[in-house]
Structure formats: C-alpha cells, structure tokens
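Below is final35.txt, holding compact mmCIF, C-alpha atoms.
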# COMPACT_ATOMS: atom_id res chain seq x y z
CA MET A 1046 68.54 117.16 83.62
CA LEU A 1047 67.21 120.07 81.60
CA GLY A 1048 64.76 119.99 78.70
CA LEU A 1049 64.03 122.75 76.22
CA GLY A 1050 60.46 123.98 76.00
CA THR A 1051 59.45 125.13 72.54
CA GLY A 1052 56.47 127.30 73.35
CA THR A 1053 58.41 130.21 71.82
CA PHE A 1054 58.60 128.49 68.41
CA ASN A 1055 56.35 130.51 66.13
CA ARG A 1056 56.28 131.17 62.41
CA GLY A 1057 54.31 134.38 62.64
CA ASP A 1058 51.09 133.76 64.57
CA GLU A 1059 50.51 137.18 66.14
CA ALA A 1060 48.25 135.83 68.88
CA ALA A 1061 51.06 133.62 70.17
CA ARG A 1062 53.99 135.98 69.69
CA LYS A 1063 53.70 137.20 73.29
CA PHE A 1064 55.39 133.92 74.21
CA GLY A 1065 58.11 134.29 71.58
CA ALA A 1066 58.84 134.34 67.88
CA THR A 1067 61.52 131.71 67.30
CA ASP A 1068 61.53 130.81 63.61
CA VAL A 1069 62.99 127.68 62.00
CA THR A 1070 66.49 129.11 61.58
CA GLU A 1071 66.72 130.16 65.21
CA ALA A 1072 65.11 126.90 66.36
CA LYS A 1073 67.78 124.87 64.56
CA ARG A 1074 70.45 126.97 66.25
CA LEU A 1075 68.87 126.41 69.69
CA LEU A 1076 68.85 122.66 69.05
CA ASP A 1077 72.50 122.79 67.98
CA VAL A 1078 73.47 124.52 71.23
CA SER A 1079 71.30 122.20 73.31
CA LEU A 1080 72.66 119.00 71.81
CA ASP A 1081 76.24 120.23 72.14
CA ALA A 1082 75.56 120.77 75.85
CA GLY A 1083 74.04 117.31 76.29
CA LEU A 1084 70.43 118.51 76.45
CA THR A 1085 68.39 116.05 74.40
CA MET A 1086 64.76 116.46 75.53
CA PHE A 1087 62.50 118.88 73.64
CA ASP A 1088 58.99 119.60 74.82
CA THR A 1089 56.03 120.98 72.90
CA ALA A 1090 52.21 120.68 72.69
CA ASP A 1091 49.59 120.60 70.00
CA VAL A 1092 48.17 123.96 71.16
CA TYR A 1093 51.44 125.90 71.22
CA SER A 1094 51.09 128.57 68.53
CA GLY A 1095 48.21 126.57 67.07
CA GLY A 1096 50.49 123.68 66.12
CA LEU A 1097 53.29 125.84 64.72
CA SER A 1098 55.59 124.92 67.60
CA GLU A 1099 55.37 121.25 66.62
CA GLU A 1100 55.87 122.06 62.95
CA ILE A 1101 59.00 124.11 63.59
CA LEU A 1102 60.41 121.55 66.02
CA GLY A 1103 59.78 118.86 63.40
CA GLU A 1104 61.77 120.84 60.85
CA ALA A 1105 64.54 121.57 63.36
CA ILE A 1106 65.12 117.89 64.20
CA LYS A 1107 65.25 116.74 60.59
CA GLY A 1108 68.21 114.41 60.14
CA ARG A 1109 68.77 113.94 63.87
CA ARG A 1110 65.59 112.33 65.18
CA ASP A 1111 67.58 109.53 66.79
CA ARG A 1112 69.50 112.06 68.90
CA VAL A 1113 66.48 113.68 70.57
CA ILE A 1114 63.69 112.82 73.00
CA LEU A 1115 60.40 114.37 71.90
CA SER A 1116 57.53 115.09 74.23
CA THR A 1117 54.23 116.67 73.31
CA LYS A 1118 50.83 117.12 74.91
CA ALA A 1119 47.14 116.92 74.06
CA ALA A 1120 43.71 117.49 75.65
CA PHE A 1121 43.50 121.32 75.72
CA ARG A 1122 40.83 122.81 73.50
CA HIS A 1123 42.19 123.21 69.96
CA GLY A 1124 39.03 124.04 68.02
CA PRO A 1125 35.39 125.11 68.41
CA GLY A 1126 33.79 121.68 68.15
CA PRO A 1127 32.51 119.53 71.03
CA ASN A 1128 35.19 116.91 70.29
CA ASP A 1129 38.06 119.41 70.01
CA VAL A 1130 39.00 119.07 73.67
CA GLY A 1131 39.62 116.45 76.30
CA SER A 1132 40.90 112.91 76.57
CA SER A 1133 38.25 110.93 74.71
CA ARG A 1134 39.30 108.14 72.35
CA PHE A 1135 38.21 110.27 69.40
CA ASN A 1136 40.24 113.32 70.40
CA LEU A 1137 43.38 111.54 71.61
CA ILE A 1138 43.78 109.46 68.46
CA ARG A 1139 43.24 112.51 66.27
CA ALA A 1140 45.59 114.61 68.40
CA CYS A 1141 48.34 111.99 68.31
CA GLU A 1142 48.06 111.60 64.53
CA GLY A 1143 48.20 115.36 64.11
CA SER A 1144 51.27 115.70 66.31
CA LEU A 1145 53.08 112.91 64.47
CA LYS A 1146 52.43 114.66 61.17
CA ARG A 1147 53.54 118.09 62.38
CA LEU A 1148 56.62 116.69 64.12
CA ARG A 1149 57.53 114.65 61.01
CA THR A 1150 58.15 111.53 63.03
CA ASP A 1151 56.81 107.99 63.34
CA TYR A 1152 56.69 108.02 67.14
CA ILE A 1153 56.54 110.31 70.16
CA ASP A 1154 58.84 109.43 73.05
CA LEU A 1155 56.63 110.88 75.81
CA PHE A 1156 52.98 111.78 75.22
CA TYR A 1157 51.33 113.83 77.98
CA LEU A 1158 47.73 114.56 78.77
CA HIS A 1159 47.92 118.34 79.12
CA ILE A 1160 44.96 118.44 81.53
CA PHE A 1161 42.73 115.99 83.38
CA ASP A 1162 39.41 115.35 81.65
CA ALA A 1163 36.79 114.59 84.31
CA LEU A 1164 34.10 114.07 81.65
CA THR A 1165 35.80 111.08 80.02
CA PRO A 1166 36.16 107.78 81.92
CA VAL A 1167 39.74 107.18 82.99
CA GLU A 1168 39.44 103.65 81.58
CA GLU A 1169 38.67 105.05 78.11
CA THR A 1170 41.58 107.46 78.23
CA LEU A 1171 44.14 104.91 79.39
CA GLY A 1172 42.74 102.26 77.04
CA THR A 1173 43.29 104.64 74.12
CA LEU A 1174 46.83 105.39 75.26
CA ASP A 1175 47.41 101.62 75.47
CA ASP A 1176 46.31 101.25 71.84
CA LEU A 1177 48.68 104.04 70.78
CA VAL A 1178 51.57 102.47 72.68
CA ARG A 1179 50.89 99.05 71.16
CA ALA A 1180 50.73 100.65 67.70
CA GLY A 1181 54.22 102.06 68.27
CA LYS A 1182 53.05 105.65 67.94
CA ILE A 1183 54.05 106.63 71.46
CA ARG A 1184 56.68 105.14 73.76
CA TYR A 1185 55.68 106.41 77.22
CA VAL A 1186 52.74 108.31 78.69
CA GLY A 1187 52.66 111.16 81.14
CA CYS A 1188 50.26 113.70 82.57
CA SER A 1189 50.35 117.41 83.27
CA ASN A 1190 48.57 119.71 85.70
CA PHE A 1191 46.78 116.86 87.48
CA SER A 1192 45.54 117.06 91.06
CA GLY A 1193 46.74 114.39 93.43
CA TRP A 1194 43.52 112.39 93.19
CA HIS A 1195 43.51 112.67 89.39
CA LEU A 1196 46.93 111.06 89.23
CA MET A 1197 46.30 108.45 91.91
CA LYS A 1198 42.99 107.37 90.35
CA SER A 1199 44.70 107.00 86.99
CA LEU A 1200 47.52 104.94 88.47
CA ALA A 1201 44.99 102.68 90.19
CA VAL A 1202 43.14 102.08 86.91
CA SER A 1203 46.44 101.34 85.17
CA GLU A 1204 47.33 98.76 87.79
CA LYS A 1205 43.85 97.18 87.81
CA TYR A 1206 43.65 96.65 84.05
CA GLY A 1207 47.32 96.38 83.09
CA LEU A 1208 47.26 99.64 81.12
CA PRO A 1209 50.14 102.08 80.52
CA ARG A 1210 51.21 103.91 83.65
CA TYR A 1211 52.02 107.60 83.79
CA VAL A 1212 55.80 107.78 84.23
CA ALA A 1213 56.05 111.56 84.46
CA HIS A 1214 53.98 114.46 85.73
CA GLN A 1215 54.73 117.83 84.13
CA ALA A 1216 53.82 120.37 86.79
CA TYR A 1217 54.38 123.98 87.79
CA TYR A 1218 56.99 124.31 90.54
CA SER A 1219 59.30 127.17 91.43
CA LEU A 1220 60.78 129.06 94.36
CA ILE A 1221 57.69 131.29 94.30
CA GLY A 1222 55.25 128.42 93.70
CA ARG A 1223 55.85 125.58 96.13
CA ASP A 1224 52.28 124.26 96.47
CA PHE A 1225 53.48 121.27 94.44
CA GLU A 1226 55.29 120.01 97.55
CA TRP A 1227 52.12 119.54 99.60
CA GLU A 1228 50.49 116.66 97.72
CA LEU A 1229 52.04 116.03 94.33
CA MET A 1230 55.66 115.64 95.42
CA PRO A 1231 54.92 113.00 98.10
CA LEU A 1232 52.67 111.19 95.60
CA GLY A 1233 55.37 111.23 92.94
CA LEU A 1234 57.94 109.84 95.34
CA ASP A 1235 55.60 107.17 96.68
CA GLN A 1236 54.37 106.04 93.26
CA LYS A 1237 57.68 106.59 91.41
CA VAL A 1238 56.30 109.19 89.00
CA GLY A 1239 59.04 111.59 87.94
CA THR A 1240 58.42 115.33 88.03
CA VAL A 1241 59.08 117.43 84.94
CA VAL A 1242 58.91 121.08 85.97
CA TRP A 1243 57.40 123.77 83.76
CA SER A 1244 57.76 127.55 84.25
CA PRO A 1245 60.67 127.07 86.69
CA LEU A 1246 61.31 130.83 86.80
CA GLY A 1247 57.75 131.65 87.83
CA TRP A 1248 56.48 133.37 84.69
CA GLY A 1249 59.77 135.25 84.30
CA ARG A 1250 59.73 136.68 87.80
CA LEU A 1251 62.97 134.93 88.80
CA THR A 1252 65.15 136.07 85.91
CA GLY A 1253 66.93 138.61 88.10
CA ARG A 1254 65.53 141.51 86.07
CA LEU A 1255 62.75 142.47 88.47
CA ARG A 1256 63.75 144.95 91.17
CA ARG A 1257 61.96 146.63 94.07
CA GLY A 1258 60.40 149.93 93.08
CA GLN A 1259 61.40 149.54 89.43
CA PRO A 1260 59.04 149.21 86.45
CA LEU A 1261 58.84 145.96 84.55
CA PRO A 1262 61.78 145.67 82.14
CA ASP A 1263 61.12 146.13 78.45
CA GLY A 1264 60.25 142.90 76.67
CA SER A 1265 59.00 141.14 79.81
CA ARG A 1266 56.03 138.91 79.06
CA LEU A 1267 54.59 140.09 82.40
CA HIS A 1268 53.44 143.17 80.47
CA SER A 1269 50.78 140.91 78.91
CA LYS A 1270 47.61 140.77 81.00
CA GLU A 1271 46.70 137.50 79.30
CA VAL A 1272 50.01 135.89 80.26
CA CYS A 1273 49.72 137.11 83.85
CA ALA A 1274 46.17 135.79 84.08
CA MET A 1275 47.43 132.29 83.22
CA GLY A 1276 49.75 132.19 86.22
CA PRO A 1277 49.39 132.49 89.99
CA LYS A 1278 49.27 135.85 91.73
CA VAL A 1279 52.50 136.57 93.60
CA ASP A 1280 52.77 139.07 96.42
CA ASP A 1281 55.47 141.64 95.68
CA GLU A 1282 57.08 141.50 99.12
CA PHE A 1283 57.24 137.70 99.00
CA LEU A 1284 58.71 137.82 95.49
CA PHE A 1285 61.45 140.26 96.43
CA ARG A 1286 62.25 138.32 99.60
CA VAL A 1287 62.96 135.31 97.39
CA VAL A 1288 64.89 137.44 94.86
CA ASP A 1289 67.04 138.85 97.70
CA ALA A 1290 67.95 135.31 98.78
CA LEU A 1291 68.67 134.31 95.18
CA GLU A 1292 70.95 137.29 94.70
CA ALA A 1293 72.86 136.49 97.89
CA VAL A 1294 73.42 132.89 96.81
CA ALA A 1295 74.26 134.01 93.27
CA ALA A 1296 77.01 136.23 94.67
CA GLU A 1297 78.41 133.34 96.72
CA THR A 1298 78.43 130.93 93.79
CA ASP A 1299 79.38 133.42 91.08
CA LYS A 1300 76.28 132.38 89.15
CA ALA A 1301 73.33 134.29 87.71
CA VAL A 1302 70.02 134.52 89.58
CA PRO A 1303 68.08 132.28 87.14
CA GLN A 1304 70.86 129.69 87.24
CA VAL A 1305 70.51 129.48 91.02
CA ALA A 1306 66.72 129.23 90.77
CA LEU A 1307 67.03 126.37 88.28
CA ARG A 1308 69.73 124.65 90.30
CA TRP A 1309 67.50 124.69 93.39
CA LEU A 1310 64.82 122.82 91.45
CA LEU A 1311 67.28 120.28 90.07
CA GLN A 1312 68.20 119.35 93.66
CA ARG A 1313 64.61 118.90 94.86
CA PRO A 1314 63.03 115.48 95.56
CA SER A 1315 61.11 113.82 92.71
CA VAL A 1316 62.39 116.28 90.08
CA CYS A 1317 63.90 114.44 87.12
CA SER A 1318 63.83 117.25 84.55
CA VAL A 1319 63.27 120.99 84.37
CA VAL A 1320 61.89 122.48 81.17
CA ILE A 1321 63.58 125.75 80.36
CA GLY A 1322 62.42 128.29 77.82
CA ALA A 1323 64.58 130.48 75.64
CA ARG A 1324 63.65 133.21 73.17
CA ASN A 1325 67.22 133.29 71.84
CA GLU A 1326 70.63 131.66 72.07
CA GLY A 1327 71.79 134.00 74.83
CA GLN A 1328 68.95 133.01 77.14
CA LEU A 1329 69.51 129.34 76.40
CA ARG A 1330 73.21 129.51 77.19
CA GLN A 1331 72.53 131.31 80.44
CA ASN A 1332 69.99 128.67 81.52
CA LEU A 1333 72.40 125.88 80.62
CA GLY A 1334 74.67 127.39 83.28
CA ALA A 1335 72.48 125.66 85.87
CA LEU A 1336 74.28 122.40 85.04
CA GLY A 1337 77.57 121.04 86.30
CA TRP A 1338 77.61 122.37 89.86
CA SER A 1339 75.60 122.12 93.10
CA LEU A 1340 74.22 124.31 95.84
CA THR A 1341 75.40 123.54 99.35
CA ALA A 1342 72.99 122.35 102.03
CA ALA A 1343 73.23 125.78 103.68
CA GLN A 1344 72.41 127.57 100.43
CA MET A 1345 69.45 125.27 99.79
CA ALA A 1346 68.21 125.94 103.33
CA ARG A 1347 68.48 129.69 102.81
CA LEU A 1348 66.39 129.53 99.66
CA ASP A 1349 63.91 127.18 101.35
CA ALA A 1350 63.44 129.60 104.22
CA ALA A 1351 62.99 132.65 101.99
CA SER A 1352 60.39 130.93 99.83
CA LYS A 1353 58.44 129.12 102.54
CA THR A 1354 54.71 129.88 102.74
CA PRO A 1355 52.07 128.57 105.16
CA PRO A 1356 50.51 125.39 103.77
CA ALA A 1357 46.77 124.85 103.41
CA TYR A 1358 44.81 122.27 105.37
CA PRO A 1359 45.42 119.38 105.95
CA TYR A 1360 49.09 119.98 105.24
CA PHE A 1361 49.70 122.47 108.03
CA HIS A 1362 48.20 119.94 110.44
CA GLN A 1363 50.41 117.17 109.08
CA ASP A 1364 53.46 119.32 109.78
CA SER A 1365 52.81 118.74 113.48
CA ILE A 1366 52.71 114.93 113.17
CA ARG A 1367 55.80 114.20 111.12
CA GLU A 1368 56.49 111.20 113.36
CA ARG A 1369 53.95 109.26 111.25
CA ILE A 1370 53.92 111.30 108.02
CA PRO A 1371 57.53 112.04 107.07
CA SER A 1372 58.24 115.12 104.98
CA PRO A 1373 59.42 114.39 101.42
CA MET A 1374 62.29 116.78 102.09
CA ALA A 1375 63.47 114.75 105.11

Would you mind writing the file out in structure tokens?
Amino acid sequence: MLGLGTGTFNRGDEAARKFGATDVTEAKRLLDVSLDAGLTMFDTADVYSGGLSEEILGEAIKGRRDRVILSTKAAFRHGPGPNDVGSSRFNLIRACEGSLKRLRTDYIDLFYLHIFDALTPVEETLGTLDDLVRAGKIRYVGCSNFSGWHLMKSLAVSEKYGLPRYVAHQAYYSLIGRDFEWELMPLGLDQKVGTVVWSPLGWGRLTGRLRRGQPLPDGSRLHSKEVCAMGPKVDDEFLFRVVDALEAVAAETDKAVPQVALRWLLQRPSVCSVVIGARNEGQLRQNLGALGWSLTAAQMARLDAASKTPPAYPYFHQDSIRERIPSPMA
C-alpha cells in the first residue's frame, strides 16, 4: 500500500519551498490521480509549511472526505513559546484542534506523535490521546521517529492503563538506510505495530538521477544544505553500489529505479504502507508504478546484499546466535 505525503503542498512560503510548491490546483489533481489508482491515504503534519500543507490538503479533499484516510502529526516545535512543542496535554489538544480546523474535517483517521517527548510523562500523553479518541476527534494513534524503548514503554503504559495503543510507527527506512531493521522492525512484528515508511528514496538519492562522477541534477533538493543536514550521511561508494544493483534489477523488470526501490520496501516485513512524495503529476505516476507486480526472491536478495551494512552492537553479536533470536527476515 502506498500513501501520498503532502510535505510539498505550499501556498507560497519561501522557507518551505525547498521541499516543493504544490498549490491547491495541483494538489487536487494529485488527489484525483491517487484516488483513481486506489491510493487513499494522505499524510501531512502541523509543521509542514507552517500549517499550509494541512490547509491545502483540506481544500483538496473537499467533497470527498469519506473517500480518503487522513493522517497528520504533532509534537515538533511550531512556535517560540515553552508550550509550542512536545506531547503535553496542553500542546496535543491545541495541535489536534488546529489540525482539524486546517484540514476542514471533524476527525483525523490517524494522529501521530511526530517525535518522542521525554519531558512529558507517557501517561499524560496517552491519557490525552485517549480523551481525543473518546471525543471522536481522532480514530487511531501512531508514533513517528521513536526509539525502540520509546515505543515499548508507551505500549506497556497503554496495556497497563487500558489507553489507546500505537497501531503504526512512521519511520525512515530505505535501501540506503536499513538501521530500522535492527530494533524497530523486530519490535513492530512482535507487538503488531505496522510500519509506515517515510523518505523511501533516501532523500532523493534513489531516484535514478544520481550518477558516479556527475554533478547533482538541477532541481535536486540535495542542493539544499538544510535538507541534507536533516538526513543521514551516505557514503558515495555505498550509494552507487546500491544504485548499480537497482539499475540491474530495473533492467530485468522493465521498471524505473525508484519503482524498484519502492517495491523492495513494500515486500519487507512489518511494512504496511510507504509514503511517497511527488512535486508533480509525473512524479506521482512514476511512483505509482511500484504497485501491481513483485520482485523475485533472487532480486530481493541482490538488493539486500548490495545494501547490507555492518550492524552496531548488540545486533552484530545477535547475528551469531540466531538459533535463539530469529531474524525478522527469516
């Protein structure tokens, strides 16, 4: 299953245009194409373009709210005040009310905590989410960018007090970023928390446009130092080793490089949805080409081998005792 990320939706905020400048007209067109293809989940956040992403998405879904699944996120800093950040009761209630207003809806299907807030008791956070669920303002709760212990502690508190349980974890995962597999994937499988992948093409590095010895293509967001600083550092030789494998599989399958990269994710354990981004209709249609076909076991193995990196401790040690700690990929 694919979902459309709306971080590119922007009405003119210059500071956010590095991520895209999709206005209302183009947003409506992207939703038309998505719905025609069976893609019904649309993801945003209160901090995307300072709330403009939610506003534009709200306008784009007008008249078809019952056909879409809306997810949004809160907890990132959205103002200068001491209460303009985090997962406190005060901030979450205000954030949810603000999102509902901007999205022009009475309820949010999936409400994520964008980050873990270690300064607010987990009981307060989950108790607030419980109130919002009982009020009918949100249907399900999820988290994003949590560490393994963040998520497990939250699940334990949910079970102890009968509070809403995180059903999804929106996390970074790609062929050039497989750290997710060490702790978060086994946890998701064990606790039945679905994975919703963000930045599946590794900050645009797996679009097929990057080539050895060639400058960055025009229009690449990797030209932005701020954007690059938000993501992990990727060794060039490792990147191009993965790109070489993607190109080989793309030639075998008669698919584009990003379609293969997305397809690989869709066939990974715990992954229930992959959030794709699109600055225009052409990019969206290309990404939708990841649906309706499958990679063979041999092709998956080739991509696995090309993208494998040595795990950190204790995971490299656990690799030697798989008799008692099975791999999630087994």

Close residues, segment 1333-1342 of chain A itself excluded, 8 Å, all atoms listed in the file, min 5 positions apart in chain, as a ChimeraX atom specification: /A:1046-1047,1082,1300,1304-1305,1307-1309,1312

message: Quick check, in Å to one decimal: how far apart do atom CA of Ser1094 of chain A and atom CA of Asn1055 of chain A lie?
response: 6.1 Å

- request: Pick out the closest residue to Ile1114 of chain A from this set: A:Leu1155, A:Ile1138, A:Val1167, A:Ala1301. Count all atoms listed in the file.
  value: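 Looking at the shortest contact to Ile1114 of chain A, the residue is A:Leu1155.
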
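Shortest separation to Arg1184 of chain A among A:Val1288, A:Ala1163, A:Leu1115, A:Leu1232 occurs at residue A:Leu1115, atoms counted being all atoms listed in the file.
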
message: As an exercise, work out the distance from atom CA of Val1294 of chain A to atom CA of Val1319 of chain A in Å and give it to one decimal place.
response: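 About the pair atom CA of Val1294 of chain A and atom CA of Val1319 of chain A: they are 20.0 Å apart.
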
task: In the coordinates of the file, take the point (62.8, 117.6, 97.2) and a cut-off of 6 Å; then, counting all atoms listed in the file, name each qualifying protein, DNA or RNA residue as a PyMOL selection string.
output: chain A and resi 1313-1314+1374

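For the pair atom CA of Leu1174 of chain A and atom CA of Gly1207 of chain A, the interatomic distance is 11.9 Å.
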
query: Using all atoms listed in the file, which residues sit within 8 Å of Ser1144 of chain A once same-chain residues fewer than 2 positions away are excluded, as JSON, numbers by chain?
result: {"A": [1091, 1099, 1117, 1140, 1141, 1142, 1146, 1147, 1148]}

Near segment 1215-1218 of chain A, 10 Å: segment 1259-1351 of chain A residue rows, closest pairs, all atoms listed in the file, as a tab-separated table:
residue	atom	partner	partner_atom	distance
A:Gly1276	CA	A:Tyr1217	CA	9.6
A:Leu1310	CA	A:Tyr1218	CA	8.0
A:Val1316	CA	A:Tyr1218	CA	9.7
A:Ser1318	CA	A:Gln1215	CA	9.1
A:Val1319	CA	A:Gln1215	CA	9.1
A:Val1320	CA	A:Gln1215	CA	9.0

- request: Go through A:Val1202, A:Leu1102, A:Leu1208, A:Leu1229 and flag the residue nearest Arg1179 of chain A, using all atoms listed in the file for the distances.
  value: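 Distance minimum relative to Arg1179 of chain A lands on A:Leu1208.
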
- prompt: Excluding same-chain residues fewer than 5 positions from Phe1121 of chain A, what lies within 10 Å of it counting all atoms listed in the file, as a list in words?
  reply: Ala1090, Asp1091, Val1092, Asp1129, Val1130, Gly1131, Ser1132, Leu1158, His1159, Ile1160, Phe1161 and Asp1162 of chain A

field: Nearest to Trp1248 of chain A, chosen from A:Leu1311, A:Cys1188, A:Ile1321, A:Ala1119, with all atoms listed in the file counted in the distances
entry: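 Looking only at the distances to Trp1248 of chain A, the closest residue turns out to be A:Ile1321.
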
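Using all atoms listed in the file for every distance, the candidate list A:Ser1219, A:Glu1228, A:Ala1346, A:Leu1097 yields A:Glu1228 as the residue closest to Gln1363 of chain A.
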
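Nearest to Gln1331 of chain A of all the residues A:Gly1172, A:Leu1145, A:Val1078, A:Ala1293 is A:Val1078, counting all atoms listed in the file.
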
Contacts of Met1230 of chain A at 8 Å (all atoms listed in the file; same-chain gap of 6+ positions) as a PyMOL selection string: chain A and resi 1240+1314-1315+1373

Step by step: locate segment 1310-1351 of chain A in the block above, keep C-alpha atoms, then write the file as an mmCIF file, in the first residue's frame.
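part.cif was written with the following content:
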data_model
loop_
_atom_site.group_PDB
_atom_site.id
_atom_site.type_symbol
_atom_site.label_atom_id
_atom_site.label_comp_id
_atom_site.auth_asym_id
_atom_site.auth_seq_id
_atom_site.Cartn_x
_atom_site.Cartn_y
_atom_site.Cartn_z
ATOM 1 C CA LEU A 1310 10.172 -1.759 0.728
ATOM 2 C CA LEU A 1311 6.636 -2.965 0.037
ATOM 3 C CA GLN A 1312 7.910 -6.555 0.297
ATOM 4 C CA ARG A 1313 9.747 -6.070 3.609
ATOM 5 C CA PRO A 1314 8.486 -7.452 6.946
ATOM 6 C CA SER A 1315 6.317 -5.158 9.086
ATOM 7 C CA VAL A 1316 5.832 -2.598 6.290
ATOM 8 C CA CYS A 1317 2.144 -1.840 5.765
ATOM 9 C CA SER A 1318 2.462 1.443 3.859
ATOM 10 C CA VAL A 1319 5.094 3.542 2.118
ATOM 11 C CA VAL A 1320 4.621 7.303 1.965
ATOM 12 C CA ILE A 1321 5.676 8.649 -1.403
ATOM 13 C CA GLY A 1322 6.252 12.278 -2.265
ATOM 14 C CA ALA A 1323 5.528 13.982 -5.553
ATOM 15 C CA ARG A 1324 6.179 17.540 -6.705
ATOM 16 C CA ASN A 1325 4.022 16.994 -9.788
ATOM 17 C CA GLU A 1326 1.746 14.532 -11.559
ATOM 18 C CA GLY A 1327 4.613 12.959 -13.495
ATOM 19 C CA GLN A 1328 6.497 12.010 -10.337
ATOM 20 C CA LEU A 1329 3.328 10.656 -8.764
ATOM 21 C CA ARG A 1330 2.507 8.457 -11.737
ATOM 22 C CA GLN A 1331 6.032 7.088 -11.810
ATOM 23 C CA ASN A 1332 5.909 6.201 -8.104
ATOM 24 C CA LEU A 1333 2.523 4.538 -8.545
ATOM 25 C CA GLY A 1334 4.333 2.164 -10.899
ATOM 26 C CA ALA A 1335 5.636 0.374 -7.804
ATOM 27 C CA LEU A 1336 2.213 -1.285 -7.468
ATOM 28 C CA GLY A 1337 0.811 -4.357 -9.170
ATOM 29 C CA TRP A 1338 3.940 -6.503 -9.516
ATOM 30 C CA SER A 1339 6.574 -8.195 -7.335
ATOM 31 C CA LEU A 1340 10.310 -8.679 -7.139
ATOM 32 C CA THR A 1341 11.532 -12.266 -7.191
ATOM 33 C CA ALA A 1342 13.339 -13.774 -4.217
ATOM 34 C CA ALA A 1343 16.602 -13.596 -6.183
ATOM 35 C CA GLN A 1344 16.087 -9.908 -6.974
ATOM 36 C CA MET A 1345 15.280 -9.136 -3.345
ATOM 37 C CA ALA A 1346 18.429 -10.989 -2.280
ATOM 38 C CA ARG A 1347 20.537 -8.999 -4.736
ATOM 39 C CA LEU A 1348 19.258 -5.714 -3.368
ATOM 40 C CA ASP A 1349 19.686 -6.967 0.204
ATOM 41 C CA ALA A 1350 23.309 -7.857 -0.442
ATOM 42 C CA ALA A 1351 24.143 -4.552 -2.142
#
